[in-house]
Amino acid sequence: MAVIRDVIPQLELFQPSTADDALSLLEEHGSDAWVYAGGLDTLDWFKDRVKRPRVVVDLAAIDSMKQIQATSDGIEIGAMARLIDVVNNAEIRTQFPALAFAAKSAASPQIRNQGTIGGNVSQDTRCWYYRDGWTCYRAGGNICYASPPTAMNREHCILGASRCVAVNPSDTAPVLVALDAEMVVQRGRAERVIPASEFFVGPELDIERMTMLEPGDLLMSIRVPSTWAGARVYFEKVRDRDTWDFPLVNVATAIRESGGTIQDARVVVNGVAPTPVRLTAVENAIRGQARNEDTAMRAGDVSIQGVAPLTHNGFKVNLMRNLVKRSIRDEPMLDV
Amino acid sequence: MADYKLLGKNYRTPDLYAKVTGRSKYAEDHRAEGMVFAKLLVSPMPHARVRSADTSAAEALPGVLGVLTPDDLPDEVEAPNEAALTWEPKYEGEPIIAVAAVNEQIASDAIELINLDLEPLPFVLDPLESLRPDSPNARTDGNTTVGREIATIKWSASDLAGLASGEIPMEAEAAAEWSYGDLEAGFAEADVIVEEHSYNQSTSHQPLESRTTMAYWEGGKLYVYPSVQSTARSVGPMARWAGIEPSNVVLINEFTGGGFGGKISGYVHAQIPILLSKKISRPVMMRISRREENAIGRARPGVQARIRLGMRSDGRITALDVHGVGEQGPYGRSGDNMNVAGIGSLCYQPLACRMRGTNVYTNTPPKGPQRAPGGVQSNTMLEPIIQKAAKQLGLDQVEVHKINAPEGQAKFGAPGRDGEQGNVSSAFAREAIDKGAELFNWTERKARSGQRNGSKVTGIGMSLAAYSAGASGVDGLFVLRPDGRLYIQSGVGNLGTGSTFDTMRTAAEGLDMPWDKCEVAWGDSSKHLPWSCSQGGSSTTHAHTRANWAAVEDAVQKIKEIAAGDLGGEADDYEIGGERVYRSGNRSQGLSFARVAQRAIDLGGKFDGHELPEDINGMTTASATALAGQGLMGVAKDNYAEGGRRMSFVAGYAEVEVDIETGNIRLVDYAAGSDAGTILHPKTYGAQIFGGAIQGFSVALSSKWVYDRRWGLAVAKRFYSNRPPGILDVPHEQPMKWANADLPDPFNPLGAKGIGEAAQGAGSASVASAIADALESLGEGNGDFHRTPVTRDMILTKLEQAPIGHDRLTAHV
């Protein structure tokens with residue numbers, strides 16, 4: 001079959017107005033169905049005819065999934081809340097400014113007006129081989145095109161490779177992991193709550209998906225508990241352009257201090273592995289320590305233990321080390 | 001500067017409301033009765049031969065109207081030129097077969113049904129690879145051109161002996177060479193010699209509008225709706241691709257979403273809807289996607305060079321020696337690589353200069369002119385080297401540039417057959433440097449070089465860029481009608497620069513007509529447009545101020561003759577002003593322009609266009625003949641003296657802040673001083689200075705192709721992955737600034753020159769120099785990138801002294 005790109009093939013489009021209807025459709029069509037949120041990840045796949053689902057369930061008309069509300073223990077963000085809604089929400093800006101900043105760091109203003117938080121955390125990898133339709137492991141083949149010495153892998157992983165060397169590109173995901181957020185997932189009438197730290201799936205577990213979501217599942221909302229509300233949470237993203245770019249590396253670090261000593265911490269990086277990576281060794285190394293240059297430096301050094309860079313992405317090792325260091329050393333500069 | 005009523009003033013161009021309200025029609029907005037859509041089957045390989053292509057299943061699909069294959073093309077094109085479709089694709093994405101169907105979805109489904117059998121052929125992505133012994137060639141007939149002939153050049157093992165991998169042997173065989181002065185003496189006189197390898201990556205044009213084209217045939221005429229830079233100059237190529245006379249082409253293209261040199265006079269792929277439409281007798285719309293535009297939409301040739309520069313202790317550049325290897329893609333001929341010293345010899349006037357180079361065919365998208373072809377590469381590669389030499393001598397960058405700057409009718413470039421170099425019509429480069437330095441506050445600002453703020457370090461850079469700025473010899477045409485209005489004909493394409501209208505104001509200025517009583521006809525060759533220059537190489541401003549001024553002089557003479565005939569006396573006794581012609585010193589004795597227009601019709605002959613000058617172009621003659629009898633016609637060819645090659649100059653000044661922990665580069669501020677003569681329209685002038693600079697920023701900071709070397713395929717195909725510039729990457733804490741030297745070019749009646757080209761090299765080179773300045777302050781050699789774009793990984797790798805995964809000149813990483 002000859003290849004043509006950039007024209008969406010025939011598909012059956014459903015636009016339910018309630019979550020129940022959406023869940024019924026997903027149940028009915030199983031693995032033939034594709035969940036469509038903001039479309040930023042989806043439309044590339046469809047246009048290129050690389051992913052060709054028979055049925056598309058567009059969630060745009062389900063208002064109940066767009067709400068952001070305060071709960072008795074934090075904030076619950078509907079999966080269909082747009083990134084711009086997360087950026088502008090007063091509760092989020094007050095309690096979790098790092099989350100608002102991370103949402104604002106994603107993509108471009110136009111994309112943030114369309115893209116959703118649910119889509120941002122569920123999005124597929126941006127490995128340019130995989131997305132261009134190369135039949136790699138992740139696409140059901142038996143090779144990784146990004147890892148050979150002749151491959152272009154500047155933006156690929158330095159940690160967690162397992163046949164596939166693609167990275168998770170989300171900017172909000174590391175913050176949600178750092179904030180101990182939970183993903184509320186529904187299938188039919190059954191709801192399950194998955195900690196954000198367990199929501200993301202690496203290739204060693206399942207090489208063809210990025211999250212725990214399976215056919216029939218719908219990510220309904222994200223709960224951010226008040227555990228880290230008002231704490232010192234640092235987020236920084238390094239990218240090639242400010243206009244629109246995925247992270248080369250980003251970092252989210254939550255620290256609770258008392259009397260100049262770090263009581264507890266969450267240190268999470270993304271863009272370095274197939275999933276966001278919680279650096280528990282770093283957390284352990286800084287817990288009980290004074291938050292100062294030395295601690296930060298040590299944290300940076302610990303963060304890069306066990307990395308395995310590819311031909312063109314050795315710089316990510318230094319970048320991750322430096323970002324982890326800064327996230328502990330520097331005051332958060334959350335420009336929201 | 002002369003005191004003009006219209007020129008030099010801001011105004012609203014007649015196309016503005018349509019643009020900002022979305023009413024402007026671009027190529028893909030057009031519709032025609034019965035229109036169908038074409039889609040392309042393109043090559044999935046970098047180089048292959050089509051063994052067979054079975055389209056029967058595709059053609060049998062309901063809704064499919066026909067296919068166009070290379071066999072349907074009229075003539076085989078002469079190598080190394082490209083055809084619209086080919087059985088031997090030489091780059092990934094090259095069109096092989098087109099399918100027309102009632103909609104794009106069916107056309108695409110049909111393409112998937114084509115059974116294509118390809119034989120892979122050897123390919124090469126990196127020019128240096130093709131010059132090594134026993135390496136593949138991108139074309140089966142050679143890897144370069146020598147003169148007009150396709151040839152093969154391979155360096156020998158002994159040429160490469162002693163060089164690190166990827167380095168260029170200075171004296172090895174080259175396809176072309178020129179020099180002037182005594183190079184050896186130049187280097188002997190130098191107090192510092194800097195020698196570097198440098199690489200300026202290929203960058204794609206990325207106009208917002210792709211090269212979409214709609215075409216249909218009616219009454220023996222071709223109606224074509226393309227997205228081109230030039231209007232008048234695209235008619236001929238369209239006619240050639242259609243196999244008809246230019247007089248049978250109606251080209252409609254009122255708005256074009258940018259071109260940057262990639263759509264100057266059309267593009268060969270317009271032939272696909274033209275011929276498909278003829279074959280199936282239906283209008284055919286061929287929309288070009290971003291991915292397709294990336295492949296067929298042209299790119300700036302990358303240049304890999306070895307450069308040796310000598311500088312005297314007073315800052316004078318005594319010698320420049322360059323061996324430059326260009327990346328051509330598989331088709332055509334470019335001279336970008338030879339322009340490294342070509343433009344270098346203009347901007348920096350080295351006492352002696354040698355340029356050797358080979359332009360190498362590669363299996364990457366075809367290359368073509370992009371905004372200052374070779375000039376951007378020259379400035380971006382040479383400026384950090386000049387900066388390095390100046391630093392070693394403890395000299396100020398601005399002073400070094402002023403010492404070396406061209407002035408007057410400065411000579412530059414390759415000597416001609418007579419051994420003499422050509423010269424520019426005027427150069428006020430020092431004045432441009434001074435204007436920019438003042439605006440940027442250079443003297444105080446340079447003290448910030450190397451200043452630390454936590455992990456951030458500041459760098460300051462400047463550059464002097466130059467490029468072509470004007471053509472000549474085209475025609476002006478307008479009619480003053482009895483309704484008292486001036487109807488100006490513009491064959492200038494509306495690619496977004498404003499020159500379609502800005503240059504027409506010359507006619508209004510010359511006749512002292514209020515602009516609101518002027519109408520401009522443009523963007524449709526059936527509107528009787530005159531012969532124009534190409535909208536490329538920043539030619540238009542200079543060319544069409546000249547042409548319209550020539551038409552003004554023609555009209556003014558005719559107006560005065562009519563007045564003298566009706567009111568007595570000689571033509572010279574009269575002058576014009578306030579929409580009247582009147583006897584000098586007695587305004588009451590005269591005629592209104594409306595009356596003059598009526599009298600011209602009464603008189604006929606030369607006055608209303610029934611008699612025309614013999615030296616105007618045939619297109620102008622046809623248009624003027626169609627307009628004859630409507631009023632007083634101003635029509636003339638520009639025969640003014642040329643004085644040399646018209647070149648403009650832009651001095652760019654940039655401040656950057658580099659974060660040494662993240663490699664992040666923040667562009668803090670940018671200012672430009674220019675020499676482009678008289679400014680016609682400050683807003684569009686500023687847009688060119690800034691737009692060019694922004695395009696330059698992406699050369700220095702982000703834009704590039706990335707290719708998988710094993711498979712020869714592009715992996716960065718989308719906007720976000722090949723990273724053209726965006727508005728959020730522009731300095732925003734303080735506005736960018738510009739100032740012009742305002743010294744008129746003596747070889748233009750209004751003193752005007754173009755500005756778009758030189759603006760880009762000023763941006764790229766000043767930012768590249770500023771980055772080098774910031775990092776050099778951290779230790780000797782830290783600023784030595786000599787490779788653009790300078791990306792985050794390069795900075796971190798350099799500062800950690802970590803190994804990089806490729807040679808210093810490796811292409812497309």
# chains A, B, ... in the order shown; residues from 1 in each chain; ligands from 1
>>> interface_residues(of="chain B", to="chain A", cutoff="7 Å", atoms="only C-alpha atoms", output="MDAnalysis selection string")
chainID B and resid 41 105 108 111:116 289 661:662 702 708:710 715:716 720 726:729 791:793 796:797 804:805 813
>>> residues_around(residues="region 166-173 of chain A", least_positions_apart="2", cutoff="8 Å", atoms="only C-alpha atoms", output="short mmCIF file (atom, residue, chain, number, x, y, z; two decimals) with C-alpha atoms, in the first residue's frame")
data_model
loop_
_atom_site.label_atom_id
_atom_site.label_comp_id
_atom_site.auth_asym_id
_atom_site.auth_seq_id
_atom_site.Cartn_x
_atom_site.Cartn_y
_atom_site.Cartn_z
CA LEU A 99 0.76 23.43 38.15
CA ALA A 102 3.55 24.04 33.99
CA ALA A 103 0.26 24.27 32.07
CA SER A 105 4.70 26.24 29.75
CA ALA A 106 3.06 23.70 27.46
CA ILE A 117 -5.20 18.70 30.95
CA ASN A 120 -1.71 16.66 28.18
CA VAL A 121 -1.15 13.82 30.63
CA GLN A 123 -0.62 12.23 25.15
CA ASP A 124 1.53 9.87 23.16
CA THR A 125 5.26 10.26 22.82
CA ARG A 126 6.76 12.61 20.25
CA CYS A 127 9.45 10.21 19.03
CA GLU A 155 15.40 14.34 22.15
CA HIS A 156 15.15 10.74 23.35
CA CYS A 157 15.64 9.11 26.72
CA ALA A 161 14.76 2.50 28.05
CA CYS A 164 11.86 1.81 23.10
CA VAL A 175 3.98 18.40 38.61
CA LEU A 176 0.97 16.16 39.15
CA VAL A 177 3.25 13.32 40.24
CA ALA A 196 -0.38 9.88 39.24
CA MET A 210 1.97 5.54 27.67
CA LYS A 237 11.15 23.50 31.58
CA PHE A 246 8.13 20.05 24.05
CA PRO A 247 10.54 19.83 26.97
CA ASN A 250 11.57 19.54 32.81
CA ASN A 270 10.19 14.40 32.54
CA GLY A 271 11.53 14.32 29.01
CA VAL A 272 14.25 11.90 30.10
CA ALA A 273 12.42 8.59 30.14
CA PRO A 274 9.31 6.92 28.71
CA THR A 275 7.44 8.06 31.82
CA PRO A 276 7.83 10.94 34.24
#
>>> select_by_dssp(residues="region 294-400 of chain B", states="strand (DSSP E)", output="PyMOL selection string")
chain B and resi 303-311+317-329+352-361
>>> residues_around(residues="region 78-82 of chain A", least_positions_apart="3", cutoff="6 Å", atoms="only C-alpha atoms", output="mmCIF file with C-alpha atoms, in the first residue's frame")
data_model
loop_
_atom_site.group_PDB
_atom_site.id
_atom_site.type_symbol
_atom_site.label_atom_id
_atom_site.label_comp_id
_atom_site.auth_asym_id
_atom_site.auth_seq_id
_atom_site.Cartn_x
_atom_site.Cartn_y
_atom_site.Cartn_z
ATOM 1 C CA MET A 65 -15.808 17.031 32.447
ATOM 2 C CA LYS A 66 -14.627 20.626 32.075
ATOM 3 C CA GLN A 67 -15.183 21.728 35.682
ATOM 4 C CA ILE A 68 -12.452 22.717 38.078
ATOM 5 C CA ASP A 85 -8.440 27.057 32.230
ATOM 6 C CA GLY A 115 -5.642 21.373 24.553
ATOM 7 C CA THR A 116 -6.901 19.790 27.750
ATOM 8 C CA ILE A 117 -5.196 18.698 30.950
ATOM 9 C CA GLY A 118 -6.468 15.167 30.351
ATOM 10 C CA MET A 220 -12.653 11.650 34.123
ATOM 11 C CA SER A 221 -10.707 14.012 36.347
#
>>> atom_distance(atom1="CA of Gly375 (chain B)", atom2="CA of Asn200 (chain B)")
11.2 Å
>>> residues_around(residues="Glu209 (chain B)", least_positions_apart="4", cutoff="12 Å", atoms="only C-alpha atoms", output="JSON, numbers by chain")
{"B": [25, 26, 27, 28, 29, 205, 213, 226, 227, 228, 229, 255, 256, 257, 258, 259, 260, 262, 263, 287, 288, 289, 290, 292, 293, 294, 297, 495, 496]}
>>> write_last_selection(atoms="N, CA and C atoms", output="PDB file, in the first residue's frame")
ATOM      1  N   LYS B  25      -8.264  36.553  -0.338  1.00  0.00           N
ATOM      2  CA  LYS B  25      -8.326  35.199  -0.886  1.00  0.00           C
ATOM      3  C   LYS B  25      -6.918  34.728  -1.244  1.00  0.00           C
ATOM      4  N   TYR B  26      -6.487  33.680  -0.584  1.00  0.00           N
ATOM      5  CA  TYR B  26      -5.230  33.031  -0.923  1.00  0.00           C
ATOM      6  C   TYR B  26      -5.554  31.866  -1.869  1.00  0.00           C
ATOM      7  N   ALA B  27      -4.523  31.236  -2.381  1.00  0.00           N
ATOM      8  CA  ALA B  27      -4.736  30.245  -3.445  1.00  0.00           C
ATOM      9  C   ALA B  27      -5.815  29.226  -3.092  1.00  0.00           C
ATOM     10  N   GLU B  28      -5.783  28.710  -1.862  1.00  0.00           N
ATOM     11  CA  GLU B  28      -6.720  27.619  -1.569  1.00  0.00           C
ATOM     12  C   GLU B  28      -8.121  28.118  -1.254  1.00  0.00           C
ATOM     13  N   ASP B  29      -8.318  29.437  -1.220  1.00  0.00           N
ATOM     14  CA  ASP B  29      -9.663  29.964  -0.996  1.00  0.00           C
ATOM     15  C   ASP B  29     -10.482  30.031  -2.280  1.00  0.00           C
ATOM     16  N   HIS B 205      12.260  27.267   3.865  1.00  0.00           N
ATOM     17  CA  HIS B 205      11.689  28.618   3.745  1.00  0.00           C
ATOM     18  C   HIS B 205      10.513  28.826   4.684  1.00  0.00           C
ATOM     19  N   THR B 213      -1.994  25.424  -5.558  1.00  0.00           N
ATOM     20  CA  THR B 213      -2.313  25.968  -6.881  1.00  0.00           C
ATOM     21  C   THR B 213      -3.644  25.401  -7.374  1.00  0.00           C
ATOM     22  N   PRO B 226      -2.081  30.528  -8.341  1.00  0.00           N
ATOM     23  CA  PRO B 226      -0.973  29.960  -7.562  1.00  0.00           C
ATOM     24  C   PRO B 226      -0.682  30.808  -6.319  1.00  0.00           C
ATOM     25  N   SER B 227       0.362  30.453  -5.621  1.00  0.00           N
ATOM     26  CA  SER B 227       0.871  31.274  -4.510  1.00  0.00           C
ATOM     27  C   SER B 227       2.307  31.621  -4.862  1.00  0.00           C
ATOM     28  N   VAL B 228       2.465  32.766  -5.536  1.00  0.00           N
ATOM     29  CA  VAL B 228       3.790  33.129  -6.040  1.00  0.00           C
ATOM     30  C   VAL B 228       4.224  34.491  -5.497  1.00  0.00           C
ATOM     31  N   GLN B 229       5.506  34.761  -5.610  1.00  0.00           N
ATOM     32  CA  GLN B 229       6.016  36.056  -5.145  1.00  0.00           C
ATOM     33  C   GLN B 229       5.776  37.152  -6.186  1.00  0.00           C
ATOM     34  N   PHE B 255      -3.044  37.783  -3.136  1.00  0.00           N
ATOM     35  CA  PHE B 255      -2.403  37.722  -1.814  1.00  0.00           C
ATOM     36  C   PHE B 255      -1.518  36.481  -1.750  1.00  0.00           C
ATOM     37  N   THR B 256      -0.336  36.641  -1.225  1.00  0.00           N
ATOM     38  CA  THR B 256       0.566  35.502  -1.057  1.00  0.00           C
ATOM     39  C   THR B 256       1.097  35.508   0.369  1.00  0.00           C
ATOM     40  N   GLY B 257       1.000  34.365   1.014  1.00  0.00           N
ATOM     41  CA  GLY B 257       1.448  34.272   2.403  1.00  0.00           C
ATOM     42  C   GLY B 257       2.928  33.987   2.507  1.00  0.00           C
ATOM     43  N   GLY B 258       3.726  34.857   1.934  1.00  0.00           N
ATOM     44  CA  GLY B 258       5.176  34.761   2.077  1.00  0.00           C
ATOM     45  C   GLY B 258       5.815  33.841   1.068  1.00  0.00           C
ATOM     46  N   GLY B 259       7.100  34.040   0.872  1.00  0.00           N
ATOM     47  CA  GLY B 259       7.828  33.210  -0.082  1.00  0.00           C
ATOM     48  C   GLY B 259       9.300  33.093   0.269  1.00  0.00           C
ATOM     49  N   PHE B 260       9.897  34.201   0.661  1.00  0.00           N
ATOM     50  CA  PHE B 260      11.304  34.239   1.092  1.00  0.00           C
ATOM     51  C   PHE B 260      12.269  33.710   0.042  1.00  0.00           C
ATOM     52  N   GLY B 262      11.408  31.292  -2.196  1.00  0.00           N
ATOM     53  CA  GLY B 262      11.024  29.949  -2.619  1.00  0.00           C
ATOM     54  C   GLY B 262       9.944  29.921  -3.695  1.00  0.00           C
ATOM     55  N   LYS B 263       9.365  31.075  -4.017  1.00  0.00           N
ATOM     56  CA  LYS B 263       8.271  31.095  -5.000  1.00  0.00           C
ATOM     57  C   LYS B 263       8.438  32.288  -5.931  1.00  0.00           C
ATOM     58  N   ARG B 287      -3.946  21.375  -3.107  1.00  0.00           N
ATOM     59  CA  ARG B 287      -3.511  21.993  -1.844  1.00  0.00           C
ATOM     60  C   ARG B 287      -2.233  21.294  -1.392  1.00  0.00           C
ATOM     61  N   ILE B 288      -1.268  22.081  -0.977  1.00  0.00           N
ATOM     62  CA  ILE B 288       0.012  21.527  -0.542  1.00  0.00           C
ATOM     63  C   ILE B 288       0.078  21.593   0.979  1.00  0.00           C
ATOM     64  N   SER B 289       0.282  20.441   1.603  1.00  0.00           N
ATOM     65  CA  SER B 289       0.317  20.397   3.069  1.00  0.00           C
ATOM     66  C   SER B 289       1.672  20.871   3.566  1.00  0.00           C
ATOM     67  N   ARG B 290       1.757  21.087   4.852  1.00  0.00           N
ATOM     68  CA  ARG B 290       3.027  21.533   5.446  1.00  0.00           C
ATOM     69  C   ARG B 290       4.126  20.510   5.203  1.00  0.00           C
ATOM     70  N   GLU B 292       4.298  18.398   2.729  1.00  0.00           N
ATOM     71  CA  GLU B 292       4.689  18.466   1.319  1.00  0.00           C
ATOM     72  C   GLU B 292       5.508  19.721   1.040  1.00  0.00           C
ATOM     73  N   GLU B 293       5.112  20.817   1.660  1.00  0.00           N
ATOM     74  CA  GLU B 293       5.852  22.071   1.473  1.00  0.00           C
ATOM     75  C   GLU B 293       7.293  21.913   1.976  1.00  0.00           C
ATOM     76  N   ASN B 294       7.447  21.186   3.077  1.00  0.00           N
ATOM     77  CA  ASN B 294       8.794  20.924   3.590  1.00  0.00           C
ATOM     78  C   ASN B 294       9.646  20.232   2.538  1.00  0.00           C
ATOM     79  N   GLY B 297       9.182  22.608  -1.108  1.00  0.00           N
ATOM     80  CA  GLY B 297       9.094  24.066  -0.938  1.00  0.00           C
ATOM     81  C   GLY B 297      10.409  24.809  -0.846  1.00  0.00           C
ATOM     82  N   LEU B 495       3.459  39.728  -1.977  1.00  0.00           N
ATOM     83  CA  LEU B 495       3.916  38.640  -1.094  1.00  0.00           C
ATOM     84  C   LEU B 495       4.020  39.069   0.357  1.00  0.00           C
ATOM     85  N   GLY B 496       3.511  40.242   0.649  1.00  0.00           N
ATOM     86  CA  GLY B 496       3.468  40.658   2.049  1.00  0.00           C
ATOM     87  C   GLY B 496       4.432  41.758   2.408  1.00  0.00           C
TER      88      GLY B 496
END
>>> residues_around(residues="Gly493 (chain B)", least_positions_apart="6", cutoff="10 Å", atoms="only C-alpha atoms", output="ChimeraX atom specification")
/B:227-234,253-256,264-265,499-501,522-524,532-535,540
>>> residues_around(residues="Pro46 (chain B)", least_positions_apart="3", cutoff="9 Å", atoms="only C-alpha atoms", output="PDB file with N, CA and C atoms, in the first residue's frame")
ATOM      1  N   SER B  43       7.707  10.157  -3.023  1.00  0.00           N
ATOM      2  CA  SER B  43       8.699   9.108  -2.775  1.00  0.00           C
ATOM      3  C   SER B  43       8.920   8.889  -1.285  1.00  0.00           C
ATOM      4  N   PRO B  89      12.795   9.417  -8.346  1.00  0.00           N
ATOM      5  CA  PRO B  89      12.807  10.416  -7.267  1.00  0.00           C
ATOM      6  C   PRO B  89      14.171  10.481  -6.594  1.00  0.00           C
ATOM      7  N   LYS B  90      14.631  11.703  -6.321  1.00  0.00           N
ATOM      8  CA  LYS B  90      15.962  11.899  -5.753  1.00  0.00           C
ATOM      9  C   LYS B  90      15.924  12.490  -4.356  1.00  0.00           C
ATOM     10  N   TYR B  91      14.756  12.582  -3.760  1.00  0.00           N
ATOM     11  CA  TYR B  91      14.654  12.947  -2.342  1.00  0.00           C
ATOM     12  C   TYR B  91      13.324  12.457  -1.799  1.00  0.00           C
ATOM     13  N   GLU B  92      13.300  12.218  -0.512  1.00  0.00           N
ATOM     14  CA  GLU B  92      12.057  11.797   0.125  1.00  0.00           C
ATOM     15  C   GLU B  92      11.018  12.905  -0.037  1.00  0.00           C
ATOM     16  N   GLY B  93       9.852  12.537  -0.496  1.00  0.00           N
ATOM     17  CA  GLY B  93       8.792  13.530  -0.656  1.00  0.00           C
ATOM     18  C   GLY B  93       8.683  14.062  -2.063  1.00  0.00           C
ATOM     19  N   GLU B  94       9.534  13.584  -2.969  1.00  0.00           N
ATOM     20  CA  GLU B  94       9.445  14.066  -4.353  1.00  0.00           C
ATOM     21  C   GLU B  94       8.223  13.452  -5.035  1.00  0.00           C
ATOM     22  N   PRO B 120      15.664   0.784  -4.702  1.00  0.00           N
ATOM     23  CA  PRO B 120      16.438   1.809  -3.982  1.00  0.00           C
ATOM     24  C   PRO B 120      17.763   2.062  -4.696  1.00  0.00           C
ATOM     25  N   LEU B 121      18.171   3.310  -4.742  1.00  0.00           N
ATOM     26  CA  LEU B 121      19.454   3.689  -5.338  1.00  0.00           C
ATOM     27  C   LEU B 121      20.335   4.314  -4.261  1.00  0.00           C
ATOM     28  N   PRO B 122      21.648   4.356  -4.478  1.00  0.00           N
ATOM     29  CA  PRO B 122      22.529   4.955  -3.469  1.00  0.00           C
ATOM     30  C   PRO B 122      22.122   6.403  -3.211  1.00  0.00           C
ATOM     31  N   PHE B 123      22.303   6.840  -1.969  1.00  0.00           N
ATOM     32  CA  PHE B 123      21.952   8.220  -1.640  1.00  0.00           C
ATOM     33  C   PHE B 123      23.028   8.851  -0.777  1.00  0.00           C
ATOM     34  N   VAL B 124      23.009  10.168  -0.731  1.00  0.00           N
ATOM     35  CA  VAL B 124      23.948  10.901   0.113  1.00  0.00           C
ATOM     36  C   VAL B 124      23.232  12.121   0.680  1.00  0.00           C
ATOM     37  N   LEU B 125      23.440  12.359   1.964  1.00  0.00           N
ATOM     38  CA  LEU B 125      22.777  13.479   2.637  1.00  0.00           C
ATOM     39  C   LEU B 125      23.734  14.632   2.892  1.00  0.00           C
ATOM     40  N   ASN B 363      20.709  14.074  -1.670  1.00  0.00           N
ATOM     41  CA  ASN B 363      19.331  13.560  -1.758  1.00  0.00           C
ATOM     42  C   ASN B 363      18.489  14.137  -0.628  1.00  0.00           C
ATOM     43  N   THR B 364      18.458  15.446  -0.605  1.00  0.00           N
ATOM     44  CA  THR B 364      17.643  16.197   0.346  1.00  0.00           C
ATOM     45  C   THR B 364      16.804  17.171  -0.486  1.00  0.00           C
ATOM     46  N   TRP B 711      18.801   5.691   6.892  1.00  0.00           N
ATOM     47  CA  TRP B 711      17.698   5.536   5.939  1.00  0.00           C
ATOM     48  C   TRP B 711      17.576   6.715   4.988  1.00  0.00           C
ATOM     49  N   GLY B 712      18.271   7.790   5.290  1.00  0.00           N
ATOM     50  CA  GLY B 712      18.231   8.956   4.405  1.00  0.00           C
ATOM     51  C   GLY B 712      16.924   9.710   4.435  1.00  0.00           C
ATOM     52  N   LEU B 713      16.215   9.598   5.533  1.00  0.00           N
ATOM     53  CA  LEU B 713      14.884  10.205   5.620  1.00  0.00           C
ATOM     54  C   LEU B 713      14.853  11.307   6.681  1.00  0.00           C
TER      55      LEU B 713
END
>>> closest_residue(among="A:Leu25, A:Ala37, A:Leu43, A:Ile143", to="Arg163 (chain A)", atoms="only C-alpha atoms")
A:Ile143
>>> residues_around(residues="Pro735 (chain B)", least_positions_apart="4", cutoff="10 Å", atoms="only C-alpha atoms", output="list in words")
Val668, Asp669, Tyr670, Ala671, Val730 and Pro731 of chain B
>>> select_by_dssp(residues="region 223-428 of chain B", states="helix (DSSP H, G or I)", output="NGL selection string")
:B and (232-242 or 246-248 or 268-280 or 290-296 or 339-347 or 375-392 or 397-404)
>>> atom_distance(atom1="CA of Ser156 (chain B)", atom2="CA of Ala305 (chain B)")
18.0 Å
>>> closest_residue(among="A:Gln114, A:Thr295, A:Asn284, A:Gln186", to="Ile84 (chain A)", atoms="only C-alpha atoms")
A:Gln114
>>> atom_distance(atom1="CA of Asp566 (chain B)", atom2="CA of Glu579 (chain B)")
17.0 Å
>>> decode(residues="region 326-333 of chain B", atoms="N, CA and C atoms", output="short mmCIF file (atom, residue, chain, number, x, y, z; two decimals), in the first residue's frame")
data_model
loop_
_atom_site.label_atom_id
_atom_site.label_comp_id
_atom_site.auth_asym_id
_atom_site.auth_seq_id
_atom_site.Cartn_x
_atom_site.Cartn_y
_atom_site.Cartn_z
N GLY B 326 28.89 23.64 -0.73
CA GLY B 326 27.46 23.92 -0.63
C GLY B 326 26.63 22.67 -0.78
N GLU B 327 25.45 22.69 -0.18
CA GLU B 327 24.51 21.57 -0.32
C GLU B 327 23.38 21.98 -1.25
N GLN B 328 23.27 21.30 -2.37
CA GLN B 328 22.35 21.73 -3.41
C GLN B 328 21.00 21.01 -3.39
N GLY B 329 20.92 19.85 -2.71
CA GLY B 329 19.77 19.00 -3.02
C GLY B 329 20.06 18.36 -4.38
N PRO B 330 19.09 17.69 -5.00
CA PRO B 330 19.41 16.92 -6.20
C PRO B 330 19.32 17.69 -7.52
N TYR B 331 18.82 18.91 -7.49
CA TYR B 331 18.54 19.60 -8.76
C TYR B 331 19.11 21.01 -8.77
N GLY B 332 19.25 21.55 -9.98
CA GLY B 332 19.54 22.96 -10.16
C GLY B 332 20.98 23.34 -9.85
N ARG B 333 21.17 24.66 -9.78
CA ARG B 333 22.51 25.19 -9.51
C ARG B 333 22.35 26.37 -8.56
#
